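Down below is the structure, laid out as structure tokens.
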Amino acid sequence: MPQTDKQICIPPELPELLKQFTKAAIRTQPQDLIQWAADYFGAMSRGEIPPVRERSERVALSNWAELTPELLKILHSRVAGRLIIHVDELAQIWKVLSLPTDLFNSVMNVGRFTEEIEWLKFLALACSSLGVTIAKTLKIVCEVLSSDHDCGPPRIPFSTFQFLYTYIAEVDGEISASHVSRMLNYIEQEVIGPDGLIKVNDFTQNPRVRLE
């Protein structure tokens, strides 16, 4: 095999370029990621505005009407409390429920999941297809995860909410870590009761809680 002394020079601006590309992909959430990436870098090379969906236009992941909170509840029940699920098994459950293949692929792409999938992260991104805002997404996640059936507003452990909010904000890419930290600290100190649970109303109807 021929050898060469030629070194590959990595431009210093490459990390920032890739960071902006990743944020744009998350914001736009294209169905065909490869084609969109080609269009994105093609536009950049020509000095044109790349095909990035504005935040106000974003419908997180997609608008597939087939997916509902009720189907997500069924999906969650079939995962059966596991934190990790293999992609093949999850894909089969998804198929049995007749959920859109394009949505599954979009969630996989946005979450950068491989063979072993962190279920709560996957669920959070799937819920974001039904909620344009982060607050709406977290409301749907709480409704899916809550075991308080017909017994008041949905509730989940604050630790779970903290994990989900931090992850969704990170994927969103538009919310600073300091803002997330301030909101979580306020909720934990001023809102959460001794049971350690957070209700949907605690972050949807409290004017001091601004998740975005």
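Please note that chains go A, B, ... in the order of the structure tokens, that every chain numbers its residues from 1, and that ligands are numbered from 1 in the order shown.
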Next item on the list: Based on DSSP run over this structure's backbone, return all residues of segment 14-199 of chain A in strand (DSSP E), as a list of chain:residue names.
Entry: A:Ile84, A:Ile85, A:His86, A:Glu116, A:Ile117, A:Glu118, A:Arg155, A:Ile156, A:Pro157, A:Leu197, A:Ile198, A:Lys199
Next item on the list: Would you kindly return, as an NGL selection string, each protein, DNA or RNA residue with an atom no farther than 9 Å from any atom of Leu33 of chain A, considering only C-alpha atoms and excluding same-chain residues fewer than 4 positions away?
Entry: :A and (25 or 29 or 37-38 or 106 or 109)
Those same residues, written as a PDB file, in the first residue's frame with C-alpha atoms?
```pdb
ATOM      1  CA  ALA A  25     -30.056  20.172  11.054  1.00  0.00           C
ATOM      2  CA  GLN A  29     -35.099  18.316  10.872  1.00  0.00           C
ATOM      3  CA  ALA A  37     -26.670  18.278   3.961  1.00  0.00           C
ATOM      4  CA  ALA A  38     -25.607  18.458   0.310  1.00  0.00           C
ATOM      5  CA  SER A 106     -35.955  11.319  11.741  1.00  0.00           C
ATOM      6  CA  ASN A 109     -31.054  10.928  12.946  1.00  0.00           C
TER       7      ASN A 109
END
```
Note to self: What's around segment 70-78 of chain A at 12 Å? Count only C-alpha atoms, leave out sequence neighbours fewer than 2 positions away in its own chain, and write the answer as a PyMOL selection string.
What the structure shows: chain A and resi 65-68+80-83+85+89-100+119-120+122-130+140-147+149
Excluding segment 159-166 of chain A and residues on its chain fewer than 2 positions from it, collect all residues at most 10 Å away from it, counting only C-alpha atoms, and give them as a PDB file with C-alpha atoms, in the first residue's frame.
```pdb
ATOM      1  CA  LEU A 120     -36.331   8.381  27.441  1.00  0.00           C
ATOM      2  CA  LYS A 121     -34.302  10.382  24.934  1.00  0.00           C
ATOM      3  CA  LEU A 123     -39.424   9.229  23.613  1.00  0.00           C
ATOM      4  CA  ALA A 124     -38.675  12.912  24.215  1.00  0.00           C
ATOM      5  CA  LEU A 125     -37.797  13.469  20.556  1.00  0.00           C
ATOM      6  CA  ILE A 134     -40.409  22.729  24.642  1.00  0.00           C
ATOM      7  CA  ALA A 135     -43.107  23.246  27.287  1.00  0.00           C
ATOM      8  CA  THR A 137     -43.210  18.634  24.419  1.00  0.00           C
ATOM      9  CA  LEU A 138     -42.527  18.181  28.138  1.00  0.00           C
ATOM     10  CA  VAL A 141     -43.856  13.435  27.852  1.00  0.00           C
ATOM     11  CA  CYS A 142     -45.302  13.845  31.354  1.00  0.00           C
ATOM     12  CA  LEU A 145     -44.892   8.718  31.564  1.00  0.00           C
ATOM     13  CA  ARG A 155     -46.955  13.896  37.507  1.00  0.00           C
ATOM     14  CA  ILE A 156     -43.451  12.505  37.120  1.00  0.00           C
ATOM     15  CA  PRO A 157     -40.361  12.524  39.371  1.00  0.00           C
ATOM     16  CA  ILE A 168     -34.434  18.562  24.945  1.00  0.00           C
ATOM     17  CA  ALA A 169     -32.871  21.986  25.501  1.00  0.00           C
ATOM     18  CA  GLU A 170     -29.495  20.620  24.416  1.00  0.00           C
ATOM     19  CA  VAL A 171     -30.959  19.161  21.234  1.00  0.00           C
ATOM     20  CA  ASP A 172     -32.888  22.370  20.553  1.00  0.00           C
ATOM     21  CA  ILE A 175     -31.438  27.667  25.043  1.00  0.00           C
ATOM     22  CA  ALA A 177     -27.283  25.949  29.840  1.00  0.00           C
ATOM     23  CA  VAL A 180     -31.883  25.704  32.001  1.00  0.00           C
ATOM     24  CA  SER A 181     -30.006  25.609  35.296  1.00  0.00           C
ATOM     25  CA  MET A 183     -35.250  27.231  35.757  1.00  0.00           C
ATOM     26  CA  LEU A 184     -34.452  23.844  37.278  1.00  0.00           C
ATOM     27  CA  ASN A 185     -33.139  25.426  40.462  1.00  0.00           C
ATOM     28  CA  ILE A 187     -38.594  24.630  40.207  1.00  0.00           C
ATOM     29  CA  GLU A 188     -36.729  22.409  42.659  1.00  0.00           C
ATOM     30  CA  GLY A 196     -40.397  15.010  44.722  1.00  0.00           C
ATOM     31  CA  LEU A 197     -42.931  15.028  41.882  1.00  0.00           C
ATOM     32  CA  ILE A 198     -43.606  17.724  39.307  1.00  0.00           C
ATOM     33  CA  LYS A 199     -47.074  18.281  37.841  1.00  0.00           C
ATOM     34  CA  LEU A 211     -38.581  26.935  29.763  1.00  0.00           C
TER      35      LEU A 211
END
```
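Closest approach to Asp39 of chain A among A:Asp195, A:Lys139, A:Gly173, A:Phe21 is made by A:Phe21 (distances from only C-alpha atoms).
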Notebook entry, point to check: Running DSSP on the backbone, which parts of segment 21-129 of chain A land in helix (DSSP H, G or I), as JSON, numbers by chain?
Noted result: {"A": [21, 22, 23, 24, 25, 26, 27, 28, 33, 34, 35, 36, 37, 38, 39, 40, 41, 42, 43, 44, 45, 55, 56, 57, 69, 70, 71, 72, 73, 74, 75, 76, 77, 78, 79, 87, 88, 89, 90, 91, 92, 93, 94, 95, 96, 101, 102, 103, 104, 105, 106, 107, 108, 109, 110, 111, 119, 120, 121, 122, 123, 124, 125, 126, 127]}
Long-range neighbours of Tyr40 of chain A as a tab-separated table (two decimals) with N, CA, C and O atoms, in the first residue's frame, 12 Å cut-off, only C-alpha atoms, 6 positions minimum in chain:
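result.tsv, written as the output of this step:
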```tsv
chain	number	residue	atom	x	y	z
A	17	LEU	N	-17.98	25.39	12.19
A	17	LEU	CA	-18.81	25.12	11.02
A	17	LEU	C	-19.68	23.88	11.25
A	17	LEU	O	-20.88	23.89	10.95
A	18	LEU	N	-19.08	22.83	11.80
A	18	LEU	CA	-19.83	21.61	12.07
A	18	LEU	C	-20.87	21.82	13.17
A	18	LEU	O	-21.97	21.25	13.14
A	20	GLN	N	-22.48	24.65	13.77
A	20	GLN	CA	-23.59	25.37	13.17
A	20	GLN	C	-24.42	24.47	12.27
A	20	GLN	O	-25.65	24.57	12.20
A	21	PHE	N	-23.73	23.56	11.57
A	21	PHE	CA	-24.44	22.60	10.71
A	21	PHE	C	-25.35	21.70	11.54
A	21	PHE	O	-26.50	21.46	11.19
A	22	THR	N	-24.83	21.21	12.67
A	22	THR	CA	-25.61	20.33	13.54
A	22	THR	C	-26.83	21.06	14.09
A	22	THR	O	-27.95	20.51	14.10
A	24	ALA	N	-28.33	23.60	12.75
A	24	ALA	CA	-29.26	23.85	11.64
A	24	ALA	C	-30.04	22.59	11.29
A	24	ALA	O	-31.24	22.65	10.99
A	25	ALA	N	-29.38	21.44	11.35
A	25	ALA	CA	-30.06	20.17	11.05
A	25	ALA	C	-31.12	19.87	12.10
A	25	ALA	O	-32.23	19.43	11.78
A	28	THR	N	-34.03	22.33	11.50
A	28	THR	CA	-34.78	22.08	10.28
A	28	THR	C	-35.39	20.68	10.25
A	28	THR	O	-36.50	20.49	9.76
A	30	PRO	N	-34.72	17.74	8.54
A	30	PRO	CA	-35.13	17.28	7.20
A	30	PRO	C	-35.42	15.79	7.19
A	30	PRO	O	-34.81	15.01	7.93
A	33	LEU	N	-31.80	13.56	5.31
A	33	LEU	CA	-30.69	14.29	5.91
A	33	LEU	C	-29.51	14.43	4.95
A	33	LEU	O	-28.87	15.48	4.89
A	34	ILE	N	-29.22	13.38	4.18
A	34	ILE	CA	-28.07	13.42	3.27
A	34	ILE	C	-28.27	14.46	2.17
A	34	ILE	O	-27.38	15.27	1.88
A	46	ARG	N	-21.48	28.58	-2.10
A	46	ARG	CA	-21.82	29.62	-3.07
A	46	ARG	C	-22.11	30.97	-2.42
A	46	ARG	O	-22.47	31.93	-3.11
A	47	GLY	N	-21.98	31.01	-1.11
A	47	GLY	CA	-22.24	32.26	-0.40
A	47	GLY	C	-23.72	32.57	-0.27
A	47	GLY	O	-24.10	33.72	-0.05
A	48	GLU	N	-24.56	31.54	-0.41
A	48	GLU	CA	-26.00	31.74	-0.32
A	48	GLU	C	-26.50	31.37	1.07
A	48	GLU	O	-25.79	30.74	1.86
A	49	ILE	N	-27.73	31.76	1.37
A	49	ILE	CA	-28.34	31.41	2.65
A	49	ILE	C	-28.72	29.93	2.61
A	49	ILE	O	-29.45	29.50	1.71
A	50	PRO	N	-28.24	29.14	3.55
A	50	PRO	CA	-28.55	27.69	3.53
A	50	PRO	C	-30.01	27.43	3.86
A	50	PRO	O	-30.69	28.27	4.46
A	51	PRO	N	-30.53	26.26	3.49
A	51	PRO	CA	-31.95	25.93	3.70
A	51	PRO	C	-32.23	25.54	5.15
A	51	PRO	O	-32.42	24.36	5.47
A	52	VAL	N	-32.27	26.54	6.03
A	52	VAL	CA	-32.49	26.30	7.46
A	52	VAL	C	-33.84	26.85	7.85
A	52	VAL	O	-34.16	28.01	7.56
A	53	ARG	N	-34.64	26.02	8.52
A	53	ARG	CA	-35.96	26.47	8.98
A	53	ARG	C	-35.79	27.41	10.16
A	53	ARG	O	-35.03	27.14	11.08
```
